[in-house]
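A.B. asks: Here you go, work_38.cif (mmCIF, C-alpha atoms):
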data_entry
#
loop_
_atom_site.label_atom_id
_atom_site.label_comp_id
_atom_site.auth_asym_id
_atom_site.auth_seq_id
_atom_site.Cartn_x
_atom_site.Cartn_y
_atom_site.Cartn_z
CA MET A 180 -13.71 24.97 -39.87
CA LYS A 181 -15.93 24.72 -36.86
CA LYS A 182 -17.05 21.21 -37.83
CA LYS A 183 -13.45 20.10 -38.41
CA ARG A 184 -12.37 21.33 -35.00
CA GLY A 185 -15.30 19.48 -33.44
CA LEU A 186 -14.40 16.30 -35.32
CA PHE A 187 -10.73 16.38 -34.37
CA GLY A 188 -11.61 17.29 -30.80
CA SER A 189 -13.97 14.33 -30.57
CA ILE A 190 -11.31 11.97 -31.99
CA GLY A 191 -8.68 13.22 -29.56
CA HIS A 192 -11.13 12.98 -26.70
CA HIS A 193 -11.92 9.34 -27.42
CA ILE A 194 -8.22 8.55 -27.83
CA PHE A 195 -7.64 10.01 -24.37
CA ILE A 196 -10.45 7.83 -22.98
CA GLY A 197 -8.84 4.80 -24.64
CA VAL A 198 -5.54 5.65 -22.95
CA LEU A 199 -7.28 5.79 -19.57
CA ILE A 200 -8.82 2.35 -20.11
CA VAL A 201 -5.68 0.65 -21.47
CA THR A 202 -3.07 2.21 -19.17
CA PRO A 203 -3.91 0.20 -15.99
CA VAL A 204 -3.77 -3.07 -17.93
CA LEU A 205 -0.48 -2.28 -19.68
CA ALA A 206 1.09 -0.88 -16.53
CA THR A 207 0.14 -4.03 -14.60
CA ILE A 208 1.65 -6.27 -17.28
CA LEU A 209 4.88 -4.24 -17.44
CA ILE A 210 5.30 -4.16 -13.67
CA PHE A 211 4.60 -7.89 -13.41
CA ASN A 212 7.17 -8.62 -16.12
CA PHE A 213 9.74 -6.44 -14.36
CA LEU A 214 9.19 -8.13 -11.01
CA LEU A 215 9.23 -11.53 -12.68
CA ARG A 216 12.61 -10.87 -14.28
CA VAL A 217 14.06 -9.43 -11.07
CA THR A 218 12.94 -12.35 -8.89
CA THR A 219 14.09 -15.01 -11.38
CA SER A 220 17.26 -13.40 -12.79
CA TRP A 221 19.44 -15.35 -10.33
CA PHE A 222 18.43 -18.69 -11.86
CA PRO A 223 21.01 -20.14 -14.33
CA LYS A 224 19.00 -20.66 -17.52
CA ARG A 225 21.71 -22.84 -19.03
CA LEU A 226 20.47 -25.70 -16.85
CA PHE A 227 17.32 -25.88 -18.97
CA PRO A 228 18.29 -24.72 -22.46
CA GLN A 229 15.16 -26.23 -24.00
CA LEU A 230 12.79 -24.25 -21.79
CA SER A 231 14.78 -21.02 -22.07
CA VAL A 232 14.04 -20.95 -25.81
CA TYR A 233 10.24 -20.85 -25.49
CA TYR A 234 8.76 -17.34 -25.46
CA ASN A 235 12.21 -15.76 -24.91
CA GLY A 236 12.59 -17.50 -21.57
CA TYR A 237 9.25 -16.26 -20.26
CA LEU A 238 7.97 -19.81 -19.67
CA LEU A 239 11.09 -20.69 -17.67
CA ASN A 240 10.71 -17.55 -15.55
CA ILE A 241 7.12 -18.50 -14.73
CA LEU A 242 8.20 -22.01 -13.70
CA VAL A 243 11.01 -20.63 -11.54
CA LEU A 244 8.59 -18.21 -9.87
CA LEU A 245 6.16 -21.05 -9.13
CA ALA A 246 9.05 -23.09 -7.68
CA VAL A 247 10.03 -20.15 -5.44
CA VAL A 248 6.44 -19.84 -4.21
CA VAL A 249 6.33 -23.56 -3.41
CA ILE A 250 9.66 -23.35 -1.55
CA LEU A 251 8.44 -20.36 0.48
CA PHE A 252 5.29 -22.30 1.34
CA PHE A 253 7.29 -25.20 2.74
CA VAL A 254 9.64 -22.80 4.57
CA GLY A 255 6.62 -21.21 6.24
CA LEU A 256 5.24 -24.64 7.06
CA PHE A 257 8.60 -25.77 8.42
CA ALA A 258 8.97 -22.64 10.59
CA ARG A 259 5.82 -23.53 12.55
CA ASN A 260 7.23 -26.71 14.10
CA PHE A 261 9.87 -27.10 16.80
CA LEU A 262 12.75 -27.96 14.46
CA GLY A 263 12.06 -24.96 12.22
CA LYS A 264 11.99 -22.57 15.18
CA PHE A 265 15.29 -24.08 16.39
CA PHE A 266 17.02 -23.42 13.05
CA PHE A 267 15.54 -19.91 12.92
CA ARG A 268 16.99 -19.05 16.35
CA ILE A 269 20.41 -20.33 15.29
CA SER A 270 20.41 -18.34 12.04
CA ASP A 271 19.15 -15.29 13.93
CA ARG A 272 22.09 -15.48 16.35
CA ILE A 273 24.58 -15.96 13.52
CA PHE A 274 23.39 -13.00 11.44
CA SER A 275 23.01 -10.82 14.54
CA ALA A 276 26.66 -11.46 15.48
CA ILE A 277 28.26 -10.47 12.16
CA PRO A 278 29.41 -6.82 12.07
CA PHE A 279 27.69 -4.60 9.44
CA ILE A 280 25.57 -7.55 8.31
CA ARG A 281 23.68 -7.50 11.61
CA THR A 282 22.61 -3.89 11.03
CA ILE A 283 20.94 -4.80 7.76
CA TYR A 284 19.53 -8.05 9.14
CA GLN A 285 18.05 -6.50 12.29
CA PHE A 286 16.49 -3.66 10.31
CA MET A 287 14.83 -6.03 7.86
CA ARG A 288 13.72 -8.29 10.72
CA GLN A 289 12.06 -5.34 12.46
CA VAL A 290 10.29 -4.40 9.23
CA CYS A 291 8.97 -7.96 8.85
CA GLU A 292 7.88 -8.01 12.50
CA TRP A 293 6.07 -4.71 11.99
CA ILE A 294 4.23 -6.05 8.95
CA ALA A 295 3.37 -9.34 10.67
CA SER A 296 2.07 -7.62 13.80
CA SER A 297 -0.16 -5.42 11.67
CA HIS A 298 -1.68 -8.42 9.83
CA ASN A 299 -0.12 -7.31 6.54
CA SER A 300 -1.47 -3.80 6.98
CA VAL A 301 0.44 -0.87 8.48
CA PHE A 302 -2.78 0.98 9.26
CA GLN A 303 -5.20 -0.51 11.76
CA SER A 304 -8.16 1.74 11.04
CA VAL A 305 -9.27 5.09 9.62
CA ALA A 306 -9.74 7.99 12.01
CA LEU A 307 -11.09 11.53 11.94
CA VAL A 308 -9.12 14.03 14.04
CA GLU A 309 -9.23 17.77 14.66
CA TYR A 310 -6.13 18.99 12.81
CA PRO A 311 -4.34 21.35 12.00
CA ARG A 312 -6.44 23.68 14.17
CA LYS A 313 -9.65 23.64 16.14
CA GLY A 314 -12.71 23.39 13.89
CA VAL A 315 -10.77 21.85 10.97
CA TYR A 316 -10.74 18.08 10.56
CA SER A 317 -8.37 15.69 8.81
CA ILE A 318 -8.54 12.03 7.94
CA GLY A 319 -5.72 9.89 9.27
CA PHE A 320 -4.75 6.30 9.92
CA VAL A 321 -4.31 4.67 13.31
CA THR A 322 -0.95 2.88 13.31
CA SER A 323 -0.78 1.67 16.92
CA ASN A 324 -1.25 2.59 20.55
CA THR A 325 1.31 5.02 21.91
CA VAL A 326 4.07 3.26 23.86
CA PRO A 327 3.59 3.49 27.66
CA LYS A 328 6.76 5.56 28.23
CA ILE A 329 5.50 8.34 25.97
CA ALA A 330 1.87 7.97 27.00
CA ASN A 331 2.76 8.34 30.71
CA VAL A 332 4.66 11.58 30.05
CA LEU A 333 1.79 12.98 27.97
CA ASP A 334 -0.69 11.94 30.63
CA GLU A 335 1.29 13.77 33.31
CA MET A 336 1.43 16.89 31.15
CA ARG A 337 -2.32 16.91 30.48
CA SER A 338 -3.99 15.45 33.57
CA PHE A 339 -4.31 16.99 37.01
CA ASP A 340 -5.57 13.74 38.48
CA SER A 341 -2.73 11.21 38.67
CA SER A 342 -5.18 8.38 39.36
CA VAL A 343 -6.81 8.73 35.91
CA ARG A 344 -4.73 7.37 33.06
CA GLU A 345 -5.53 8.62 29.58
CA GLU A 346 -4.91 6.52 26.46
CA PHE A 347 -3.20 7.87 23.37
CA LEU A 348 -3.09 6.72 19.73
CA ASN A 349 -0.44 7.12 17.05
CA ILE A 350 -2.02 8.74 13.99
CA PHE A 351 -0.51 9.15 10.53
CA ILE A 352 -1.93 12.14 8.63
CA PRO A 353 -1.18 11.66 4.89
CA THR A 354 -0.74 14.50 2.41
CA THR A 355 -2.53 15.05 -0.89
CA PRO A 356 -1.97 13.83 -3.59
CA ASN A 357 0.94 11.73 -2.27
CA PRO A 358 -0.31 9.65 0.69
CA THR A 359 3.13 8.13 1.33
CA SER A 360 4.28 11.36 2.96
CA GLY A 361 2.61 12.99 5.93
CA PHE A 362 2.83 13.67 9.64
CA TYR A 363 3.10 11.38 12.64
CA LEU A 364 0.95 12.79 15.45
CA ILE A 365 -0.19 11.57 18.87
CA PHE A 366 -3.81 12.15 19.88
CA PRO A 367 -5.76 11.32 23.04
CA LYS A 368 -7.98 8.36 22.29
CA LYS A 369 -11.08 10.29 23.35
CA ASP A 370 -10.36 12.91 20.65
CA VAL A 371 -10.14 10.34 17.85
CA LYS A 372 -13.26 9.36 15.93
CA LEU A 373 -12.87 5.98 14.24
CA LEU A 374 -14.51 5.62 10.81
CA ASN A 375 -15.90 2.40 9.37
CA ILE A 376 -14.29 2.93 5.96
CA PRO A 377 -11.74 0.64 4.24
CA VAL A 378 -8.19 1.97 4.16
CA SER A 379 -7.96 1.49 0.37
CA ASP A 380 -11.02 3.71 -0.20
CA VAL A 381 -9.56 6.46 1.98
CA VAL A 382 -6.26 6.28 0.06
CA ASN A 383 -8.18 6.90 -3.17
CA LEU A 384 -10.01 9.75 -1.47
CA ILE A 385 -6.71 11.37 -0.46
CA ILE A 386 -5.01 10.87 -3.82
CA SER A 387 -7.94 12.48 -5.64
CA ALA A 388 -8.18 15.33 -3.07
CA GLY A 389 -11.71 14.23 -2.21
CA ALA A 390 -12.95 13.75 -5.79
CA ILE A 391 -13.20 9.94 -5.60
CA LEU A 392 -15.60 9.18 -2.77
CA PRO A 393 -15.56 5.89 -0.81
CA GLY A 394 -18.12 3.34 -1.94
CA SER A 395 -18.79 -0.35 -2.19
CA GLU A 396 -16.49 -2.78 -3.97
CA GLU A 397 -18.79 -2.92 -6.98
CA ASP A 398 -18.84 0.89 -7.15
CA SER A 399 -15.04 0.99 -7.16
CA LYS A 400 -14.89 -1.51 -10.03
CA ASP A 401 -17.26 0.56 -12.18
CA ARG A 402 -15.87 3.94 -11.11
CA ILE A 403 -13.62 4.40 -14.13
CA LEU A 404 -16.49 3.44 -16.45
CA LYS A 405 -18.66 6.10 -14.84
CA LEU A 406 -15.88 8.65 -15.31
CA VAL A 407 -15.61 7.63 -18.97
CA ASP A 408 -19.35 8.16 -19.42
CA LYS A 409 -19.04 11.66 -17.98
CA MET A 410 -16.07 12.46 -20.20
CA ALA A 411 -17.88 11.15 -23.26
CA GLU A 412 -20.51 13.85 -22.82
CA SER A 413 -18.03 16.73 -22.63
CA PRO A 414 -17.21 17.00 -26.41
CA LYS A 415 -20.84 17.83 -27.16
CA GLU A 416 -20.68 20.74 -24.74
CA GLU A 417 -17.41 21.95 -26.27
CA ASP A 418 -18.83 21.80 -29.82
CA ALA A 419 -21.82 23.84 -28.74
#
Turn the structure described in the file into structure tokens.
C.D. replies:
Amino acid sequence: MKKKRGLFGSIGHHIFIGVLIVTPVLATILIFNFLLRVTTSWFPKRLFPQLSVYYNGYLLNILVLLAVVVILFFVGLFARNFLGKFFFRISDRIFSAIPFIRTIYQFMRQVCEWIASSHNSVFQSVALVEYPRKGVYSIGFVTSNTVPKIANVLDEMRSFDSSVREEFLNIFIPTTPNPTSGFYLIFPKKDVKLLNIPVSDVVNLIISAGAILPGSEEDSKDRILKLVDKMAESPKEEDA
């Protein structure tokens, strides 16, 4: 009975390892297929009945997606010249003047401006701050410099010398294991220690509650294989 339990435990253990290896690939394929169908569902497939037959319309969806990418490329290219900027200003005034529609349009425009100003990254850098109390440190992300109106008020509250202006930074402190939620805090710049660590590595560090340590790009690629090697040794200890 002891040998049978060890055999079945080893089989189940290796099945679990197989799930860990296959899941990222399958999840990526499923998410890509979902996004592909959502972004190309507007296209009338009856215009190309021959192509819609191949691979259940998958080939047509790929072609439509490539066409959308090409169109966006030329729109971006067109927006850089004088005529493109002229048409953008006109469309901006039209959408900003329509009731209800302007609320949605202005919100989405601000989101796009925020992303563009951050160079496609909301977080500028990784920071170490003393939070939630003295002697305890947390890892956060610098989002931007504090706006002058708020910084001036904070400076007046903290400084006795009005001639010395102190700088402040907006810091987002994420929670574990869900880094999308957290706290928005304002710290004096002198109390913020910037870390030379990629944001993606710190996100993994937060999700794993410190178990997955930051490393090089090659280390991150082989990290799951190293975890598999460690897991592969555990059945022998259980059998013993």
A.B. asks: Of the candidates A:Val243, A:Val198, A:Ile210, A:Ala276, which one gets nearest to Pro223 of chain A if we count all atoms listed in the file?
C.D. replies: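 Result for the nearest residue to Pro223 of chain A: A:Val243.
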A.B. asks: So what do you get for atom CA of Leu242 of chain A versus atom CA of Arg216 of chain A, distance-wise?
C.D. replies: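 We find that atom CA of Leu242 of chain A and atom CA of Arg216 of chain A lie 12.0 Å from each other.
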A.B. asks: In Å, how far is it from atom CA of Val217 of chain A to atom CA of Arg288 of chain A?
C.D. replies: 21.8 Å
A.B. asks: Atom CA of Thr219 of chain A and atom CA of Leu238 of chain A are how many Å apart?
C.D. replies: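 So the answer is 11.4 Å.
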A.B. asks: Can you spell out as a PyMOL selection string the set of residues that the PyMOL selection byres ((chain A and resi 364) around 9) selects in the structure I just provided?
C.D. replies: chain A and resi 348-352+362-363+365-366
A.B. asks: Might you spell out which residues the PyMOL selection byres ((chain A and resi 333) around 12) would select in the displayed file, as a compact mmCIF listing (two decimals) with C-alpha atoms, keeping the file's coordinate frame?
C.D. replies:
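Result file result17.txt:
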# COMPACT_ATOMS: atom_id res chain seq x y z
CA THR A 325 1.31 5.02 21.91
CA VAL A 326 4.07 3.26 23.86
CA PRO A 327 3.59 3.49 27.66
CA LYS A 328 6.76 5.56 28.23
CA ILE A 329 5.50 8.34 25.97
CA ALA A 330 1.87 7.97 27.00
CA ASN A 331 2.76 8.34 30.71
CA VAL A 332 4.66 11.58 30.05
CA ASP A 334 -0.69 11.94 30.63
CA GLU A 335 1.29 13.77 33.31
CA MET A 336 1.43 16.89 31.15
CA ARG A 337 -2.32 16.91 30.48
CA SER A 338 -3.99 15.45 33.57
CA PHE A 339 -4.31 16.99 37.01
CA SER A 341 -2.73 11.21 38.67
CA ARG A 344 -4.73 7.37 33.06
CA GLU A 345 -5.53 8.62 29.58
CA GLU A 346 -4.91 6.52 26.46
CA PHE A 347 -3.20 7.87 23.37
CA LEU A 348 -3.09 6.72 19.73
CA ILE A 365 -0.19 11.57 18.87
CA PHE A 366 -3.81 12.15 19.88
CA PRO A 367 -5.76 11.32 23.04
A.B. asks: Calculated over all atoms listed in the file, which of the candidates A:Cys291, A:Ile318, A:Leu373, A:Ala206 has the smallest distance to Pro358 of chain A?
C.D. replies: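 So, comparing all the options, the nearest one is A:Ile318.
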A.B. asks: Which residue gives the smallest distance to Leu244 of chain A among A:Leu256, A:Leu215, A:Leu226, A:Leu262, with all atoms listed in the file counted?
C.D. replies: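 So, comparing all the options, the nearest one is A:Leu215.
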A.B. asks: Which is closer to Gly361 of chain A than all the others in A:Thr282, A:Ser317, A:Ser379, A:Gln303, using only C-alpha atoms?
C.D. replies: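 Smallest separation from Gly361 of chain A among the options: A:Ser317.
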A.B. asks: So what does the PyMOL selection byres ((chain A and resi 316) around 12) actually pick up in this one, as a PyMOL selection string?
C.D. replies: chain A and resi 306-315+317-319+352+370-372
